[in-house]
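K.L.:
Next comes the structure file data_34.pdb, holding PDB, C-alpha atoms.
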```pdb
ATOM      1  CA  MET C1058    -164.483 -23.246 -53.978
ATOM      2  CA  ARG C1059    -161.619 -22.471 -51.589
ATOM      3  CA  PHE C1060    -162.076 -19.834 -48.913
ATOM      4  CA  ASN C1061    -159.432 -17.591 -50.518
ATOM      5  CA  SER C1062    -160.397 -18.040 -54.166
ATOM      6  CA  ILE C1063    -160.383 -15.239 -56.698
ATOM      7  CA  GLU C1064    -163.955 -16.247 -57.602
ATOM      8  CA  ARG C1065    -165.180 -15.103 -54.172
ATOM      9  CA  LEU C1066    -163.486 -11.724 -54.652
ATOM     10  CA  GLU C1067    -164.909 -11.407 -58.171
ATOM     11  CA  GLU C1068    -168.431 -12.229 -56.965
ATOM     12  CA  TRP C1069    -168.146  -9.556 -54.291
ATOM     13  CA  CYS C1070    -166.569  -7.005 -56.635
ATOM     14  CA  VAL C1071    -169.022  -7.513 -59.516
ATOM     15  CA  ASN C1072    -172.263  -8.373 -57.691
ATOM     16  CA  GLY C1073    -171.688  -7.141 -54.143
ATOM     17  CA  ASN C1074    -172.275 -10.633 -52.756
ATOM     18  CA  TYR C1075    -170.287 -11.625 -49.711
ATOM     19  CA  PRO C1076    -169.280 -15.299 -49.385
ATOM     20  CA  SER C1077    -172.016 -17.359 -47.735
ATOM     21  CA  ILE C1078    -169.315 -19.192 -45.742
ATOM     22  CA  HIS C1079    -169.191 -16.062 -43.549
ATOM     23  CA  ASP C1080    -172.952 -15.784 -42.964
ATOM     24  CA  ARG C1081    -173.138 -17.563 -39.594
ATOM     25  CA  ILE C1082    -170.199 -15.820 -37.949
ATOM     26  CA  PHE C1083    -171.260 -12.473 -39.398
ATOM     27  CA  LYS C1084    -174.762 -12.935 -37.946
ATOM     28  CA  MET C1085    -173.285 -13.789 -34.550
ATOM     29  CA  VAL C1086    -171.110 -10.650 -34.677
ATOM     30  CA  GLU C1087    -174.022  -8.517 -35.856
ATOM     31  CA  ASP C1088    -176.282  -9.763 -33.045
ATOM     32  CA  ASN C1089    -173.749  -9.485 -30.211
ATOM     33  CA  ILE C1090    -170.965  -6.991 -30.866
ATOM     34  CA  ARG C1091    -170.565  -4.332 -28.190
ATOM     35  CA  GLY C1092    -167.090  -3.011 -28.926
ATOM     36  CA  GLY C1093    -165.635  -0.757 -31.560
ATOM     37  CA  ASN C1094    -162.614  -1.530 -33.734
ATOM     38  CA  VAL C1095    -162.316  -5.107 -34.982
ATOM     39  CA  LEU C1096    -159.384  -7.388 -35.823
ATOM     40  CA  ASP C1097    -160.162 -10.083 -38.401
ATOM     41  CA  ILE C1098    -157.412 -12.540 -37.505
ATOM     42  CA  CYS C1099    -156.274 -14.825 -40.351
ATOM     43  CA  CYS C1100    -158.427 -12.710 -42.669
ATOM     44  CA  SER C1101    -157.346 -14.278 -45.994
ATOM     45  CA  THR C1102    -158.928 -12.037 -48.662
ATOM     46  CA  GLY C1103    -160.484  -9.758 -46.045
ATOM     47  CA  LEU C1104    -164.092 -10.190 -47.160
ATOM     48  CA  LEU C1105    -165.457 -10.993 -43.688
ATOM     49  CA  GLY C1106    -163.789  -7.863 -42.334
ATOM     50  CA  GLN C1107    -165.044  -5.863 -45.312
ATOM     51  CA  ARG C1108    -168.586  -7.012 -44.580
ATOM     52  CA  ILE C1109    -168.260  -6.045 -40.911
ATOM     53  CA  GLN C1110    -166.884  -2.655 -41.940
ATOM     54  CA  ASP C1111    -169.563  -2.028 -44.581
ATOM     55  CA  GLU C1112    -172.641  -3.356 -42.827
ATOM     56  CA  LEU C1113    -171.838  -2.749 -39.142
ATOM     57  CA  LYS C1114    -169.862   0.462 -39.666
ATOM     58  CA  LYS C1115    -166.872  -0.774 -37.652
ATOM     59  CA  THR C1116    -163.233   0.010 -38.367
ATOM     60  CA  VAL C1117    -161.574  -3.295 -39.283
ATOM     61  CA  VAL C1118    -157.962  -4.435 -39.477
ATOM     62  CA  GLY C1119    -157.271  -7.760 -41.163
ATOM     63  CA  VAL C1120    -154.157  -9.785 -40.399
ATOM     64  CA  ASP C1121    -152.901 -12.705 -42.471
ATOM     65  CA  ALA C1122    -149.587 -14.324 -43.413
ATOM     66  CA  ASP C1123    -150.601 -15.049 -47.018
ATOM     67  CA  ARG C1124    -149.174 -12.189 -49.064
ATOM     68  CA  LYS C1125    -150.921 -13.330 -52.253
ATOM     69  CA  SER C1126    -154.371 -13.345 -50.618
ATOM     70  CA  LEU C1127    -153.788  -9.842 -49.273
ATOM     71  CA  GLN C1128    -152.546  -8.590 -52.650
ATOM     72  CA  ASN C1129    -155.591 -10.103 -54.350
ATOM     73  CA  ALA C1130    -157.863  -8.456 -51.783
ATOM     74  CA  ARG C1131    -156.337  -5.046 -52.401
ATOM     75  CA  SER C1132    -156.499  -5.441 -56.180
ATOM     76  CA  TYR C1133    -160.244  -6.177 -55.963
ATOM     77  CA  GLY C1134    -160.914  -3.140 -53.784
ATOM     78  CA  VAL C1135    -161.077  -4.579 -50.272
ATOM     79  CA  ASP C1136    -160.431  -1.470 -48.222
ATOM     80  CA  VAL C1137    -160.020  -2.703 -44.685
ATOM     81  CA  ASN C1138    -156.532  -2.123 -43.293
ATOM     82  CA  LEU C1139    -154.738  -5.340 -44.314
ATOM     83  CA  VAL C1140    -151.551  -6.288 -42.457
ATOM     84  CA  GLU C1141    -149.236  -9.071 -43.551
ATOM     85  CA  MET C1142    -148.117 -10.943 -40.454
ATOM     86  CA  LYS C1143    -147.427 -14.520 -39.467
ATOM     87  CA  ILE C1144    -148.895 -15.008 -36.037
ATOM     88  CA  ASP C1145    -146.499 -16.964 -33.871
ATOM     89  CA  ALA C1146    -147.895 -18.714 -30.804
ATOM     90  CA  THR C1147    -144.539 -18.305 -29.068
ATOM     91  CA  ASN C1148    -144.197 -14.545 -29.696
ATOM     92  CA  PHE C1149    -147.370 -12.470 -29.611
ATOM     93  CA  SER C1150    -145.638  -9.102 -29.343
ATOM     94  CA  PRO C1151    -146.093  -8.096 -33.029
ATOM     95  CA  LEU C1152    -149.807  -8.938 -32.875
ATOM     96  CA  ILE C1153    -150.228  -7.171 -29.526
ATOM     97  CA  SER C1154    -148.621  -4.095 -31.132
ATOM     98  CA  VAL C1155    -151.191  -4.144 -33.967
ATOM     99  CA  LEU C1156    -154.014  -4.462 -31.421
ATOM    100  CA  ILE C1157    -152.738  -1.503 -29.392
ATOM    101  CA  LYS C1158    -151.887   0.699 -32.384
ATOM    102  CA  ASN C1159    -155.382   0.232 -33.855
ATOM    103  CA  ASP C1160    -157.273   0.355 -30.540
ATOM    104  CA  ILE C1161    -158.843  -3.048 -31.241
ATOM    105  CA  GLU C1162    -161.665  -4.101 -28.895
ATOM    106  CA  VAL C1163    -163.027  -7.117 -30.792
ATOM    107  CA  ILE C1164    -161.349 -10.124 -32.435
ATOM    108  CA  VAL C1165    -163.067 -12.222 -35.076
ATOM    109  CA  ALA C1166    -161.359 -15.580 -35.611
ATOM    110  CA  ARG C1167    -162.826 -17.797 -38.309
ATOM    111  CA  ARG C1168    -161.221 -21.225 -38.380
ATOM    112  CA  CYS C1169    -157.754 -20.134 -37.388
ATOM    113  CA  LEU C1170    -157.053 -20.424 -33.652
ATOM    114  CA  SER C1171    -156.577 -24.166 -33.994
ATOM    115  CA  GLU C1172    -153.855 -23.530 -36.566
ATOM    116  CA  ILE C1173    -152.122 -20.751 -34.624
ATOM    117  CA  PHE C1174    -151.912 -22.871 -31.474
ATOM    118  CA  PHE C1175    -151.496 -26.270 -33.205
ATOM    119  CA  ASN C1176    -148.134 -27.085 -31.592
ATOM    120  CA  HIS C1177    -148.458 -24.684 -28.660
ATOM    121  CA  ILE C1178    -151.739 -25.443 -26.912
ATOM    122  CA  ASP C1179    -150.305 -24.197 -23.622
ATOM    123  CA  GLN C1180    -149.941 -20.687 -25.100
ATOM    124  CA  GLY C1181    -153.680 -20.081 -25.593
ATOM    125  CA  ALA C1182    -154.303 -18.977 -22.013
ATOM    126  CA  VAL C1183    -151.114 -16.864 -22.071
ATOM    127  CA  PHE C1184    -152.421 -15.125 -25.182
ATOM    128  CA  ALA C1185    -155.843 -14.529 -23.594
ATOM    129  CA  GLU C1186    -154.276 -13.066 -20.456
ATOM    130  CA  ARG C1187    -152.049 -10.742 -22.492
ATOM    131  CA  LEU C1188    -155.083  -9.575 -24.475
ATOM    132  CA  LEU C1189    -156.856  -8.489 -21.311
ATOM    133  CA  LYS C1190    -153.809  -6.979 -19.602
ATOM    134  CA  GLU C1191    -152.128  -5.218 -22.516
ATOM    135  CA  THR C1192    -154.902  -4.335 -24.991
ATOM    136  CA  ASN C1193    -158.505  -3.142 -25.138
ATOM    137  CA  VAL C1194    -159.787  -6.462 -26.525
ATOM    138  CA  ARG C1195    -162.873  -7.503 -24.571
ATOM    139  CA  GLU C1196    -164.746  -9.669 -27.082
ATOM    140  CA  ILE C1197    -163.774 -12.633 -29.258
ATOM    141  CA  PHE C1198    -165.969 -14.243 -31.896
ATOM    142  CA  ILE C1199    -164.861 -17.725 -32.930
ATOM    143  CA  GLN C1200    -165.945 -20.020 -35.712
ATOM    144  CA  GLY C1201    -163.953 -23.184 -35.231
ATOM    145  CA  ARG C1202    -163.647 -26.678 -36.548
ATOM    146  CA  ARG C1203    -166.648 -28.965 -36.721
ATOM    147  CA  GLU C1204    -166.535 -31.563 -33.998
ATOM    148  CA  GLN C1205    -165.803 -34.961 -35.527
ATOM    149  CA  PRO C1206    -165.648 -38.254 -33.658
ATOM    150  CA  ASN C1207    -162.352 -39.409 -35.195
ATOM    151  CA  ALA C1208    -160.562 -36.053 -35.198
ATOM    152  CA  THR C1209    -156.795 -36.245 -34.757
ATOM    153  CA  HIS C1210    -156.091 -32.510 -34.596
ATOM    154  CA  PRO C1211    -154.919 -31.456 -31.092
ATOM    155  CA  ILE C1212    -157.576 -28.689 -31.103
ATOM    156  CA  PRO C1213    -160.424 -30.586 -32.791
ATOM    157  CA  SER C1214    -163.421 -28.293 -32.216
ATOM    158  CA  CYS C1215    -164.687 -24.844 -31.369
ATOM    159  CA  SER C1216    -165.239 -25.899 -27.762
ATOM    160  CA  ALA C1217    -161.565 -26.910 -27.606
ATOM    161  CA  GLU C1218    -160.620 -23.454 -28.943
ATOM    162  CA  VAL C1219    -162.733 -21.824 -26.231
ATOM    163  CA  ALA C1220    -161.094 -24.013 -23.569
ATOM    164  CA  LEU C1221    -157.680 -23.110 -25.000
ATOM    165  CA  LEU C1222    -158.270 -19.443 -24.107
ATOM    166  CA  GLY C1223    -158.701 -20.273 -20.440
ATOM    167  CA  ASP C1224    -161.271 -19.176 -17.918
ATOM    168  CA  LEU C1225    -160.895 -15.408 -18.297
ATOM    169  CA  TRP C1226    -163.904 -15.252 -20.602
ATOM    170  CA  VAL C1227    -167.619 -15.810 -20.362
ATOM    171  CA  VAL C1228    -169.092 -17.743 -23.266
ATOM    172  CA  GLU C1229    -172.106 -15.634 -24.146
ATOM    173  CA  TYR C1230    -173.092 -17.603 -27.190
ATOM    174  CA  GLY C1231    -172.176 -21.068 -28.227
ATOM    175  CA  GLY C1232    -173.586 -22.878 -31.164
ATOM    176  CA  PHE C1233    -172.774 -24.901 -34.182
ATOM    177  CA  GLU C1234    -168.972 -24.560 -34.184
ATOM    178  CA  MET C1235    -169.212 -20.958 -32.981
ATOM    179  CA  ALA C1236    -168.709 -19.050 -29.755
ATOM    180  CA  TYR C1237    -168.905 -15.478 -28.512
ATOM    181  CA  LEU C1238    -166.588 -14.716 -25.616
ATOM    182  CA  ARG C1239    -166.550 -11.565 -23.540
ATOM    183  CA  GLU C1240    -164.407 -10.544 -20.630
ATOM    184  CA  LYS C1241    -165.679 -11.792 -17.299
ATOM    185  CA  GLY C1242    -167.421  -9.103 -15.297
ATOM    186  CA  LYS C1243    -168.294  -6.967 -18.335
TER     187      LYS C1243
END
```
Write out the structure in this file as structure tokens.
P.N.:
Amino acid sequence: MRFNSIERLEEWCVNGNYPSIHDRIFKMVEDNIRGGNVLDICCSTGLLGQRIQDELKKTVVGVDADRKSLQNARSYGVDVNLVEMKIDATNFSPLISVLIKNDIEVIVARRCLSEIFFNHIDQGAVFAERLLKETNVREIFIQGRREQPNATHPIPSCSAEVALLGDLWVVEYGGFEMAYLREKGK
């Protein structure tokens, strides 16, 4: 079943079951989150953000470029603030505006940083620096790609995603394709 399938929304809507594909990153967030408002970047149908909002009592904003996924989410009752936006690795200003407007302190990124920075690896550290200088973001939770020996993707693993964001962060938790980053000195 695809990550953005209607079946996942129906299962949540009818039975209250969140997709198990979110269990590991949700547990990492639950065990480590210190900040307040959360941005679920590349949120798809918004169910990870909905779970964070419902179970951890955080205000969540979800951002995704897929209009149909966001429409489906709304029609099934996902009630996090969903924003349609294509995130461009060469122009972060619209995303920075969403972060500031919603006083976001935490970013949750499940399998998306490698796609955002696919052709712009050099922009990862620029993005991280702007987060710290221009917004209140102080924590990032990442679930990245599984490391594979023959990977051809320019950002082939979670550890590569962490490295992409530069040395402004302390990796508090690293594990099976996941990482928890917090601002150095905090």
K.L.:
Would you mind listing what lies within 12 Å of Glu1191 of chain C as number ranges by chain, with all atoms listed in the file counted and same-chain residues fewer than 6 positions away left out?
P.N.:
C: 1149-1150, 1152-1158, 1160-1162, 1183-1185
K.L.:
Taking the file as I've supplied it (selection: the PyMOL selection byres ((chain C and resi 1072-1089) around 9)), which residues are included? Please answer as a list in words.
P.N.:
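That expression, the PyMOL selection byres ((chain C and resi 1072-1089) around 9), corresponds here to Phe1060, Arg1065, Leu1066, Glu1067, Glu1068, Trp1069, Cys1070, Val1071, Ile1090, Arg1091, Leu1104, Leu1105, Gln1107, Arg1108, Ile1109, Glu1112, Leu1113, Val1165, Arg1167, Phe1198, Ile1199, Gln1200, Glu1229, Tyr1230, Met1235, Ala1236 and Tyr1237 of chain C.
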K.L.:
Print the selection's residues with C-alpha atoms to a file, as an mmCIF file, keeping the file's coordinate frame.
P.N.:
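Writing the result to again.cif gives the following:
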```cif
data_model
loop_
_atom_site.group_PDB
_atom_site.id
_atom_site.type_symbol
_atom_site.label_atom_id
_atom_site.label_comp_id
_atom_site.auth_asym_id
_atom_site.auth_seq_id
_atom_site.Cartn_x
_atom_site.Cartn_y
_atom_site.Cartn_z
ATOM 1 C CA PHE C 1060 -162.076 -19.834 -48.913
ATOM 2 C CA ARG C 1065 -165.180 -15.103 -54.172
ATOM 3 C CA LEU C 1066 -163.486 -11.724 -54.652
ATOM 4 C CA GLU C 1067 -164.909 -11.407 -58.171
ATOM 5 C CA GLU C 1068 -168.431 -12.229 -56.965
ATOM 6 C CA TRP C 1069 -168.146 -9.556 -54.291
ATOM 7 C CA CYS C 1070 -166.569 -7.005 -56.635
ATOM 8 C CA VAL C 1071 -169.022 -7.513 -59.516
ATOM 9 C CA ILE C 1090 -170.965 -6.991 -30.866
ATOM 10 C CA ARG C 1091 -170.565 -4.332 -28.190
ATOM 11 C CA LEU C 1104 -164.092 -10.190 -47.160
ATOM 12 C CA LEU C 1105 -165.457 -10.993 -43.688
ATOM 13 C CA GLN C 1107 -165.044 -5.863 -45.312
ATOM 14 C CA ARG C 1108 -168.586 -7.012 -44.580
ATOM 15 C CA ILE C 1109 -168.260 -6.045 -40.911
ATOM 16 C CA GLU C 1112 -172.641 -3.356 -42.827
ATOM 17 C CA LEU C 1113 -171.838 -2.749 -39.142
ATOM 18 C CA VAL C 1165 -163.067 -12.222 -35.076
ATOM 19 C CA ARG C 1167 -162.826 -17.797 -38.309
ATOM 20 C CA PHE C 1198 -165.969 -14.243 -31.896
ATOM 21 C CA ILE C 1199 -164.861 -17.725 -32.930
ATOM 22 C CA GLN C 1200 -165.945 -20.020 -35.712
ATOM 23 C CA GLU C 1229 -172.106 -15.634 -24.146
ATOM 24 C CA TYR C 1230 -173.092 -17.603 -27.190
ATOM 25 C CA MET C 1235 -169.212 -20.958 -32.981
ATOM 26 C CA ALA C 1236 -168.709 -19.050 -29.755
ATOM 27 C CA TYR C 1237 -168.905 -15.478 -28.512
#
```
K.L.:
Given the point (-152.7, -28.9, -34.4) in the coordinates of this file, which residues lie within 6 Å, counting all atoms listed in the file, and how would they look as a ChimeraX atom specification?
P.N.:
/C:1172,1175-1176,1210-1212
K.L.:
Take the point (-156.0, -0.7, -38.6) as written in the file and pick out every residue within 9 Å of it, counting only C-alpha atoms; give the list as a list in words.
P.N.:
Asn1094, Val1095, Leu1096, Thr1116, Val1117, Val1118, Gly1119, Val1137, Asn1138, Leu1139, Val1140, Val1155, Leu1156, Lys1158, Asn1159, Asp1160 and Ile1161 of chain C
K.L.:
I'd like to know which of C:Ile1164, C:Ile1144, C:Leu1170, C:Leu1238 is closest to Gly1106 of chain C, using only C-alpha atoms.
P.N.:
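Smallest separation from Gly1106 of chain C among the options: C:Ile1164.
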K.L.:
Since I can't run it myself right now, could you work out what the PyMOL selection byres ((chain C and resi 1173) around 10) selects here and report it as a PyMOL selection string?
P.N.:
chain C and resi 1099+1143-1147+1168-1172+1174-1178+1180-1181
K.L.:
Using atom CA of Ser1214 of chain C and atom CA of Ile1098 of chain C as the two end points, give the distance in Å to one decimal.
P.N.:
17.7 Å
K.L.:
Could you check which of C:Arg1131, C:Lys1115, C:Ala1182, C:Glu1234 is closest to Gly1092 of chain C, using only C-alpha atoms?
P.N.:
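Comparing C:Arg1131, C:Lys1115, C:Ala1182, C:Glu1234 against Gly1092 of chain C, the winner is C:Lys1115.
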K.L.:
I'd like the residues picked by the PyMOL selection byres ((chain C and resi 1203) around 8) written out as a list in words, using the chain letters and numbers from the file.
P.N.:
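With the shown file as input, the PyMOL selection byres ((chain C and resi 1203) around 8) matches Gly1201, Arg1202, Glu1204, Gln1205, Pro1213, Ser1214, Cys1215, Phe1233 and Glu1234 of chain C.
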K.L.:
Measure the distance from atom CA of Leu1221 of chain C to atom CA of Val1163 of chain C in Å and round it to one decimal.
P.N.:
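One can read the atom CA of Leu1221 of chain C to atom CA of Val1163 of chain C distance as 17.8 Å.
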K.L.:
Which one is closest to Glu1196 of chain C: C:Glu1218, C:Glu1240, C:Asp1224, C:Asp1097? Count only C-alpha atoms.
P.N.:
C:Glu1240
K.L.:
Would you compute the distance between atom CA of Ala1130 of chain C and atom CA of Thr1102 of chain C? Give it in Å to one decimal.
P.N.:
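Taking atom CA of Ala1130 of chain C as the start and atom CA of Thr1102 of chain C as the end point, the length is 4.9 Å.
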K.L.:
Output, as JSON, the centre and edge lengths in Å (one decimal) of the axis-aligned box that contains all listed atoms of segment 1182-1195 of chain C with 3 Å of margin on each side.
P.N.:
```
{"center_x": -157.0, "center_y": -11.1, "center_z": -23.1, "size_x": 17.8, "size_y": 21.8, "size_z": 12.9}
```
